[in-house]
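Enquirer: Structure: structure-v1.txt, compact mmCIF, C-alpha atoms.
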# COMPACT_ATOMS: atom_id res chain seq x y z
CA MET A 188 11.98 75.20 -52.75
CA SER A 189 8.47 73.86 -53.12
CA ALA A 190 7.49 70.43 -51.88
CA ARG A 191 7.59 67.61 -54.41
CA ILE A 192 4.63 65.22 -54.50
CA GLY A 193 4.80 62.04 -56.53
CA VAL A 194 1.80 60.93 -58.61
CA ILE A 195 1.88 57.28 -59.67
CA THR A 196 0.69 56.09 -63.07
CA PHE A 197 -0.13 52.41 -63.58
CA PRO A 198 -1.39 50.94 -66.85
CA GLY A 199 -5.09 51.82 -66.67
CA THR A 200 -4.75 54.78 -64.30
CA LEU A 201 -7.14 57.57 -65.32
CA ASP A 202 -6.88 60.37 -62.80
CA ASP A 203 -3.13 60.97 -62.64
CA VAL A 204 -3.45 64.14 -64.74
CA ASP A 205 -6.07 65.65 -62.43
CA ALA A 206 -4.11 64.54 -59.36
CA ALA A 207 -0.97 66.24 -60.68
CA ARG A 208 -3.02 69.35 -61.45
CA ALA A 209 -4.36 69.38 -57.90
CA VAL A 210 -0.82 69.11 -56.56
CA ARG A 211 0.22 72.11 -58.67
CA TYR A 212 -2.89 74.10 -57.67
CA ALA A 213 -1.92 73.53 -54.06
CA GLY A 214 1.52 74.98 -54.76
CA ALA A 215 3.70 71.89 -54.95
CA GLU A 216 5.67 70.32 -57.75
CA ALA A 217 4.08 67.17 -59.21
CA VAL A 218 6.55 64.37 -59.91
CA SER A 219 5.41 61.61 -62.26
CA LEU A 220 6.14 58.10 -61.02
CA TRP A 221 5.72 55.05 -63.26
CA HIS A 222 4.52 51.66 -62.07
CA ARG A 223 7.88 50.11 -62.93
CA ASP A 224 9.90 52.73 -61.02
CA THR A 225 11.75 51.56 -57.95
CA ASP A 226 13.13 55.01 -57.11
CA LEU A 227 10.67 57.48 -55.60
CA GLN A 228 12.94 60.40 -56.56
CA ALA A 229 13.00 61.62 -52.96
CA VAL A 230 9.42 62.96 -53.13
CA ASP A 231 7.89 64.40 -49.96
CA ALA A 232 4.53 62.65 -50.40
CA VAL A 233 2.79 60.32 -52.84
CA VAL A 234 -0.67 60.32 -54.43
CA VAL A 235 -2.00 57.01 -55.75
CA PRO A 236 -4.72 58.15 -58.17
CA GLY A 237 -7.89 56.53 -59.42
CA GLY A 238 -8.73 54.57 -62.53
CA PHE A 239 -8.69 50.90 -63.44
CA SER A 240 -5.09 49.84 -62.88
CA TYR A 241 -4.29 46.64 -64.78
CA GLY A 242 -7.92 46.54 -65.91
CA ASP A 243 -9.06 45.60 -62.38
CA TYR A 244 -7.73 42.10 -63.15
CA LEU A 245 -7.96 39.64 -60.24
CA ARG A 246 -9.44 42.29 -57.87
CA ALA A 247 -9.50 46.08 -58.11
CA GLY A 248 -6.02 47.23 -57.09
CA ALA A 249 -4.65 43.72 -56.53
CA ILE A 250 -2.04 43.71 -59.29
CA ALA A 251 -1.02 47.33 -58.77
CA ALA A 252 -0.44 46.66 -55.06
CA ARG A 253 2.22 44.14 -56.07
CA SER A 254 3.86 46.25 -58.79
CA PRO A 255 7.50 47.39 -58.53
CA VAL A 256 6.76 50.99 -57.47
CA MET A 257 4.62 49.91 -54.53
CA GLY A 258 7.53 48.18 -52.77
CA PRO A 259 9.31 51.46 -51.97
CA VAL A 260 5.96 53.24 -51.41
CA VAL A 261 4.95 50.74 -48.73
CA GLU A 262 8.37 50.92 -47.12
CA ALA A 263 8.39 54.73 -47.12
CA ALA A 264 4.78 54.91 -45.89
CA ARG A 265 5.63 52.67 -42.93
CA ALA A 266 8.43 55.16 -42.16
CA GLY A 267 5.99 58.10 -42.24
CA LEU A 268 5.79 59.27 -45.86
CA PRO A 269 2.35 60.85 -46.42
CA VAL A 270 0.41 58.82 -48.99
CA LEU A 271 -3.06 59.57 -50.37
CA GLY A 272 -5.01 56.88 -52.22
CA ILE A 273 -8.05 58.01 -54.19
CA CYS A 274 -10.67 55.55 -55.47
CA ASN A 275 -8.62 52.84 -57.22
CA GLY A 276 -5.68 54.25 -55.23
CA PHE A 277 -7.62 53.51 -52.02
CA GLN A 278 -8.24 49.98 -53.26
CA ILE A 279 -4.50 49.64 -54.00
CA LEU A 280 -3.49 50.83 -50.51
CA CYS A 281 -5.89 48.31 -48.94
CA GLU A 282 -4.56 45.52 -51.15
CA ALA A 283 -1.00 46.56 -50.26
CA GLY A 284 -1.80 46.24 -46.56
CA LEU A 285 -1.23 49.92 -45.77
CA LEU A 286 -4.89 50.42 -44.86
CA PRO A 287 -7.32 47.96 -43.27
CA GLY A 288 -10.43 46.61 -44.96
CA ALA A 289 -11.36 46.17 -48.59
CA LEU A 290 -13.54 47.72 -51.29
CA VAL A 291 -16.13 45.49 -52.92
CA ARG A 292 -18.89 45.78 -55.53
CA ASN A 293 -21.50 48.48 -54.80
CA SER A 294 -24.50 46.93 -53.07
CA GLY A 295 -26.82 48.12 -55.85
CA LEU A 296 -24.49 46.72 -58.54
CA ARG A 297 -24.55 50.08 -60.33
CA PHE A 298 -21.58 52.27 -61.08
CA ILE A 299 -22.21 55.52 -59.20
CA CYS A 300 -21.10 58.84 -60.68
CA ARG A 301 -22.29 61.97 -58.90
CA GLU A 302 -21.37 64.67 -56.44
CA ILE A 303 -21.61 63.75 -52.79
CA ARG A 304 -21.17 65.41 -49.40
CA LEU A 305 -18.64 63.96 -46.99
CA ARG A 306 -18.06 64.74 -43.34
CA VAL A 307 -14.44 65.19 -42.33
CA GLU A 308 -14.05 63.25 -39.09
CA ALA A 309 -10.31 63.06 -38.39
CA ASP A 310 -7.28 65.30 -38.30
CA THR A 311 -4.67 63.63 -40.54
CA ALA A 312 -1.73 64.69 -42.71
CA TRP A 313 -4.20 65.14 -45.58
CA THR A 314 -7.07 66.80 -43.65
CA ALA A 315 -5.24 69.11 -41.22
CA GLY A 316 -6.66 72.17 -42.98
CA PHE A 317 -10.27 71.14 -42.35
CA GLU A 318 -12.27 71.56 -39.18
CA VAL A 319 -13.24 68.13 -37.86
CA GLY A 320 -16.98 67.93 -38.40
CA SER A 321 -17.00 70.12 -41.51
CA ALA A 322 -18.49 68.91 -44.79
CA ILE A 323 -17.02 68.88 -48.29
CA THR A 324 -18.62 68.16 -51.67
CA VAL A 325 -16.64 66.07 -54.16
CA PRO A 326 -17.47 63.63 -56.96
CA LEU A 327 -17.93 59.91 -56.30
CA LYS A 328 -17.39 57.67 -59.33
CA SER A 329 -16.92 53.99 -58.68
CA GLY A 330 -18.45 50.57 -59.15
CA GLU A 331 -16.52 48.88 -56.35
CA GLY A 332 -16.62 51.46 -53.61
CA ARG A 333 -18.36 49.61 -50.81
CA TYR A 334 -16.00 49.67 -47.83
CA VAL A 335 -16.00 46.45 -45.80
CA ALA A 336 -14.04 45.14 -42.83
CA ASP A 337 -14.92 42.84 -39.97
CA GLU A 338 -16.83 44.28 -37.01
CA ALA A 339 -13.79 44.31 -34.73
CA THR A 340 -11.79 46.30 -37.29
CA LEU A 341 -14.64 48.77 -37.79
CA ASP A 342 -14.96 49.25 -34.03
CA ARG A 343 -11.22 49.80 -33.73
CA LEU A 344 -11.16 52.31 -36.60
CA GLU A 345 -13.99 54.29 -35.04
CA GLY A 346 -12.53 54.04 -31.55
CA ASP A 347 -9.11 55.22 -32.71
CA GLY A 348 -10.54 58.09 -34.78
CA ARG A 349 -9.32 56.58 -38.03
CA VAL A 350 -12.54 57.09 -39.99
CA VAL A 351 -11.40 60.17 -41.93
CA PHE A 352 -14.41 60.67 -44.20
CA ARG A 353 -18.00 59.52 -43.86
CA TYR A 354 -20.79 59.95 -46.38
CA ALA A 355 -23.11 62.67 -45.08
CA GLU A 356 -26.04 60.54 -46.26
CA PRO A 357 -26.63 56.78 -46.21
CA ALA A 358 -23.72 55.44 -48.29
CA PRO A 359 -25.06 55.02 -51.85
CA ASN A 360 -22.65 52.10 -52.40
CA GLY A 361 -23.59 50.31 -49.18
CA ALA A 362 -20.27 51.07 -47.44
CA LEU A 363 -20.32 49.72 -43.89
CA ARG A 364 -20.99 52.45 -41.33
CA ASP A 365 -21.09 54.92 -44.25
CA ILE A 366 -17.29 54.97 -44.36
CA ALA A 367 -15.83 56.86 -47.33
CA GLY A 368 -12.21 57.05 -46.18
CA VAL A 369 -9.84 55.76 -43.48
CA CYS A 370 -6.24 56.32 -42.39
CA SER A 371 -3.23 54.52 -40.98
CA THR A 372 -2.50 54.56 -37.24
CA ASP A 373 -0.13 57.52 -37.68
CA GLY A 374 -2.67 59.44 -39.80
CA ARG A 375 -0.21 59.87 -42.66
CA VAL A 376 -1.65 57.30 -45.07
CA VAL A 377 -5.20 58.18 -46.10
CA GLY A 378 -7.49 56.45 -48.59
CA LEU A 379 -10.94 57.53 -49.79
CA MET A 380 -13.30 56.47 -52.56
CA PRO A 381 -14.57 59.92 -53.68
CA HIS A 382 -12.37 62.21 -55.76
CA PRO A 383 -11.03 65.41 -54.15
CA GLU A 384 -8.73 65.98 -57.15
CA HIS A 385 -11.80 66.57 -59.34
CA ALA A 386 -13.05 69.32 -57.01
CA ILE A 387 -10.27 71.91 -56.91
CA ASP A 388 -11.75 74.64 -59.09
CA PRO A 389 -15.42 75.64 -59.54
CA LEU A 390 -14.75 75.94 -63.28
CA THR A 391 -14.12 72.20 -63.64
CA GLY A 392 -15.83 70.61 -60.66
CA PRO A 393 -18.47 71.02 -58.00
CA GLY A 394 -16.26 73.48 -56.12
CA ALA A 395 -12.83 73.70 -54.59
CA ASP A 396 -13.41 71.66 -51.43
CA GLY A 397 -11.06 68.92 -52.57
CA LEU A 398 -8.07 71.22 -52.79
CA GLY A 399 -7.92 71.21 -49.00
CA LEU A 400 -6.45 67.72 -48.93
CA PHE A 401 -3.50 68.81 -51.04
CA THR A 402 -2.92 72.09 -49.21
CA SER A 403 -3.19 70.21 -45.88
CA VAL A 404 -0.28 67.94 -46.68
CA LEU A 405 1.79 70.90 -47.88
CA THR A 406 1.19 72.68 -44.60
CA ARG A 407 2.33 69.59 -42.73
CA LEU A 408 5.43 69.21 -44.94
CA THR A 409 6.36 72.87 -44.57
CA ALA A 410 5.87 72.74 -40.81
CA ALA A 411 8.12 69.69 -40.61
CA ALA A 412 10.85 71.22 -42.79
CA MET B 138 2.91 18.54 -64.47
CA PRO B 139 0.72 18.53 -61.35
CA ARG B 140 -2.44 20.58 -61.56
CA VAL B 141 -3.74 22.56 -58.64
CA ILE B 142 -7.19 24.10 -58.28
CA VAL B 143 -7.81 27.17 -56.12
CA ASP B 144 -11.43 28.19 -55.58
CA VAL B 145 -12.08 31.63 -54.13
CA LEU B 146 -15.47 32.77 -52.81
CA PRO B 147 -16.68 35.87 -51.03
CA LYS B 148 -16.99 35.17 -47.31
CA ALA B 149 -20.48 34.19 -46.25
CA GLU B 150 -20.84 37.35 -44.16
CA ILE B 151 -19.83 39.62 -47.06
CA LEU B 152 -22.77 40.81 -49.14
CA ASP B 153 -22.42 39.31 -52.63
CA PRO B 154 -24.70 41.39 -54.85
CA GLN B 155 -23.49 39.57 -57.97
CA GLY B 156 -24.49 36.21 -56.53
CA GLN B 157 -27.85 37.66 -55.52
CA ALA B 158 -28.40 38.96 -59.06
CA VAL B 159 -27.64 35.50 -60.44
CA ALA B 160 -30.08 33.96 -57.97
CA ARG B 161 -32.80 36.39 -59.04
CA ALA B 162 -32.16 35.63 -62.71
CA MET B 163 -32.72 31.94 -61.97
CA GLY B 164 -36.15 32.79 -60.67
CA ARG B 165 -36.93 34.57 -63.93
CA LEU B 166 -35.94 31.39 -65.81
CA GLY B 167 -38.47 29.45 -63.82
CA VAL B 168 -35.83 27.68 -61.70
CA SER B 169 -36.94 27.10 -58.15
CA GLY B 170 -35.28 25.57 -55.14
CA VAL B 171 -31.98 27.49 -55.33
CA ALA B 172 -31.74 29.19 -51.97
CA ASP B 173 -28.53 31.14 -52.45
CA VAL B 174 -25.76 31.79 -54.96
CA ARG B 175 -22.28 33.05 -54.27
CA GLN B 176 -20.05 34.02 -57.18
CA GLY B 177 -16.33 33.48 -56.97
CA LYS B 178 -13.21 32.62 -58.96
CA HIS B 179 -11.69 29.34 -60.06
CA PHE B 180 -7.94 29.21 -60.68
CA VAL B 181 -6.17 26.36 -62.45
CA LEU B 182 -2.44 26.21 -61.78
CA ASP B 183 0.06 23.92 -63.49
CA VAL B 184 2.93 23.71 -61.06
CA ASP B 185 6.34 22.10 -60.73
CA ASP B 186 6.83 19.24 -58.30
CA SER B 187 8.92 21.69 -56.29
CA VAL B 188 5.85 23.69 -55.26
CA ASP B 189 4.72 22.32 -51.91
CA ASP B 190 1.42 22.78 -50.07
CA ALA B 191 2.78 25.59 -47.91
CA GLU B 192 3.83 27.52 -51.02
CA LEU B 193 0.39 26.96 -52.60
CA GLU B 194 -1.28 28.24 -49.45
CA ARG B 195 0.96 31.32 -49.55
CA ILE B 196 0.03 31.97 -53.20
CA ALA B 197 -3.67 31.68 -52.39
CA GLU B 198 -3.55 33.83 -49.27
CA THR B 199 -1.30 36.62 -50.55
CA LEU B 200 -2.43 36.92 -54.15
CA LEU B 201 -5.35 34.84 -55.41
CA ALA B 202 -7.63 35.74 -52.51
CA ASN B 203 -8.03 38.77 -50.29
CA PRO B 204 -8.48 37.37 -46.77
CA VAL B 205 -10.43 40.47 -45.74
CA MET B 206 -13.37 39.52 -47.91
CA GLU B 207 -12.74 36.10 -49.41
CA GLU B 208 -12.21 32.48 -48.39
CA TRP B 209 -10.43 29.89 -50.50
CA VAL B 210 -9.81 26.19 -50.96
CA VAL B 211 -6.61 24.76 -52.46
CA ARG B 212 -6.68 21.23 -53.80
CA ARG B 213 -4.40 19.12 -55.96
CA GLU B 214 -6.19 17.38 -58.80
CA ARG B 215 -6.39 13.62 -58.51
CA ASN B 216 -3.54 11.73 -60.14
CA SER B 217 -1.32 14.75 -59.80
CA GLN B 218 0.16 14.08 -56.39
CA PRO B 219 3.92 14.52 -56.62
Go ahead and render the structure in this file as structure tokens.

Expert:
Amino acid sequence: MSARIGVITFPGTLDDVDAARAVRYAGAEAVSLWHRDTDLQAVDAVVVPGGFSYGDYLRAGAIAARSPVMGPVVEAARAGLPVLGICNGFQILCEAGLLPGALVRNSGLRFICREIRLRVEADTAWTAGFEVGSAITVPLKSGEGRYVADEATLDRLEGDGRVVFRYAEPAPNGALRDIAGVCSTDGRVVGLMPHPEHAIDPLTGPGADGLGLFTSVLTRLTAAA
Amino acid sequence: MPRVIVDVLPKAEILDPQGQAVARAMGRLGVSGVADVRQGKHFVLDVDDSVDDAELERIAETLLANPVMEEWVVRRERNSQP
């Protein structure tokens, strides 16, 4: 039986279809979860996709982080369920308290939409298939992608090896220490601003580098089974 | 019904590019003497007498503001003390 990975849809989510497609490309079954669901249908992992949940009202991800489905997601994540937050999903995981820091307006005030190279810097549930130090190319498309946290938090993240992805160039959005993605202490909850789900097939994206995140978690799930 | 104001601003140490853009626009209007602008949010809450200061602080800290990047001030409007 193949692994089942939940993909959450909030009002205003845009990238749930591509996230579900990436899950299927990786060889898992994609299970649609709705923002009002309180039952995660016993999925083996969850992807919180990008978009503009609740129209970015209040703060990007703020309302979604307090929606019904996130209660069980937070609880399950604290118990070890692998969760991947992409773009708005990363913002939601930060707002929900699963990941440290916050995402704020790009320093140049412009929405950025282009391909970008990232360095993979940590071995996590979602990056186990990559060599630490390798580079991947995926799209970045966000207006509020500048990662911020206080200095002590940034030092701790770097010291504990919890910076998962770093821009391989000076962060175009002004992210502190060029951080593109971070993880939880157990390495099972990962959030990043760029979009691996848009880079799973050279026909529709810059390449297939992004597929590695989805195959990584499957490998972990299969090994644990 | 008592009225409560919650003002939320980006922390001073957090870069506020929107505030900076507003400050630059002032210069283009010929305004001088404004050293800095920070842009935030202003919430107006009409609350029951049952909502105490601790509850208001909880609302501000857990929802209206994100303590990672924002600071906030809660104040009851004059003449609305319970």

Enquirer: Given the choices A:Ser321, A:Ser189, A:Thr311, A:Thr196, which gets closest to Ser371 of chain A if the distance is worked out from all atoms listed in the file?

Expert: A:Thr311

Enquirer: Show me, as an mmCIF file with C-alpha atoms, in the frame of the given file, every residue of chain B with an atom at most 10 Å from chain A, counting all atoms listed in the file.

Expert:
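Output saved as result_33.cif:
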data_model
loop_
_atom_site.group_PDB
_atom_site.id
_atom_site.type_symbol
_atom_site.label_atom_id
_atom_site.label_comp_id
_atom_site.auth_asym_id
_atom_site.auth_seq_id
_atom_site.Cartn_x
_atom_site.Cartn_y
_atom_site.Cartn_z
ATOM 1 C CA PRO B 147 -16.680 35.870 -51.030
ATOM 2 C CA GLU B 150 -20.840 37.350 -44.160
ATOM 3 C CA ILE B 151 -19.830 39.620 -47.060
ATOM 4 C CA LEU B 152 -22.770 40.810 -49.140
ATOM 5 C CA ASP B 153 -22.420 39.310 -52.630
ATOM 6 C CA PRO B 154 -24.700 41.390 -54.850
ATOM 7 C CA GLN B 155 -23.490 39.570 -57.970
ATOM 8 C CA ALA B 158 -28.400 38.960 -59.060
ATOM 9 C CA LYS B 178 -13.210 32.620 -58.960
ATOM 10 C CA THR B 199 -1.300 36.620 -50.550
ATOM 11 C CA LEU B 200 -2.430 36.920 -54.150
ATOM 12 C CA LEU B 201 -5.350 34.840 -55.410
ATOM 13 C CA ALA B 202 -7.630 35.740 -52.510
ATOM 14 C CA ASN B 203 -8.030 38.770 -50.290
ATOM 15 C CA PRO B 204 -8.480 37.370 -46.770
ATOM 16 C CA VAL B 205 -10.430 40.470 -45.740
ATOM 17 C CA MET B 206 -13.370 39.520 -47.910
#

Enquirer: Segment 278-284 of chain A, all listed atoms, 5 Å padding on each side: what axis-aligned box centre and edge lengths in Å to one decimal come out, as JSON?

Expert:
{"center_x": -4.6, "center_y": 48.2, "center_z": -50.3, "size_x": 17.2, "size_y": 15.3, "size_z": 17.4}

Enquirer: Tell me which of B:Asp189, B:Glu198, B:Val210, B:Val174 sits closest to Gln157 of chain B, counting only C-alpha atoms.

Expert: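 Ranked by minimum distance to Gln157 of chain B, first place goes to B:Val174.
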
Enquirer: Hey, which of B:Leu193, B:Trp209, B:Arg215, B:Ala149 ends up closest to His179 of chain B? Count all atoms listed in the file.

Expert: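 Of all the options, B:Trp209 lies closest to His179 of chain B.
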
Enquirer: Suppose you want the space between atom CA of Arg223 of chain A and atom CA of Arg265 of chain A; what is it in Å?

Expert: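 Rounded to one decimal, the two atoms are 20.3 Å apart.
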
Enquirer: Restricting the calculation to all atoms listed in the file: of A:Ala217, A:Val377, A:Ala312, A:Val230, which residue gets closest to Ala410 of chain A?

Expert: A:Ala312

Enquirer: Give me the residues within 8 Å of Asp396 of chain A as a ChimeraX atom specification, counting only C-alpha atoms and dropping any in the same chain fewer than 5 places off.

Expert: /A:323-325,383,386-387

Enquirer: When you draw a straight line from atom CA of Ala197 of chain B to atom CA of Leu285 of chain A, how long is it in Å?

Expert: 19.6 Å

Enquirer: Report, in Å with one decimal, the straight-line distance from atom CA of Gly397 of chain A to atom CA of Glu302 of chain A.

Expert: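 Interatomic distance, atom CA of Gly397 of chain A to atom CA of Glu302 of chain A: 11.8 Å.
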
Enquirer: Please provide as a list in words all residues within 7 Å of Asn275 of chain A, with the sequence filter that same-chain residues fewer than 5 positions apart are discarded (counting all atoms listed in the file).

Expert: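 The contact residues come out as Pro236, Gly237, Gly238, Phe239, Ala247 and Gly248 of chain A.
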
Enquirer: Of the candidates B:Met138, B:Val168, B:Asp185, B:Phe180, which shows the shortest atom-to-atom distance to Arg212 of chain B, using all atoms listed in the file?

Expert: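 With all atoms listed in the file as the atom set, the closest residue is B:Phe180.
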
Enquirer: Calculated over all atoms listed in the file, which of the candidates A:Ile366, A:Cys274, A:Leu400, A:Ala209 has the smallest distance to Leu327 of chain A?

Expert: A:Cys274
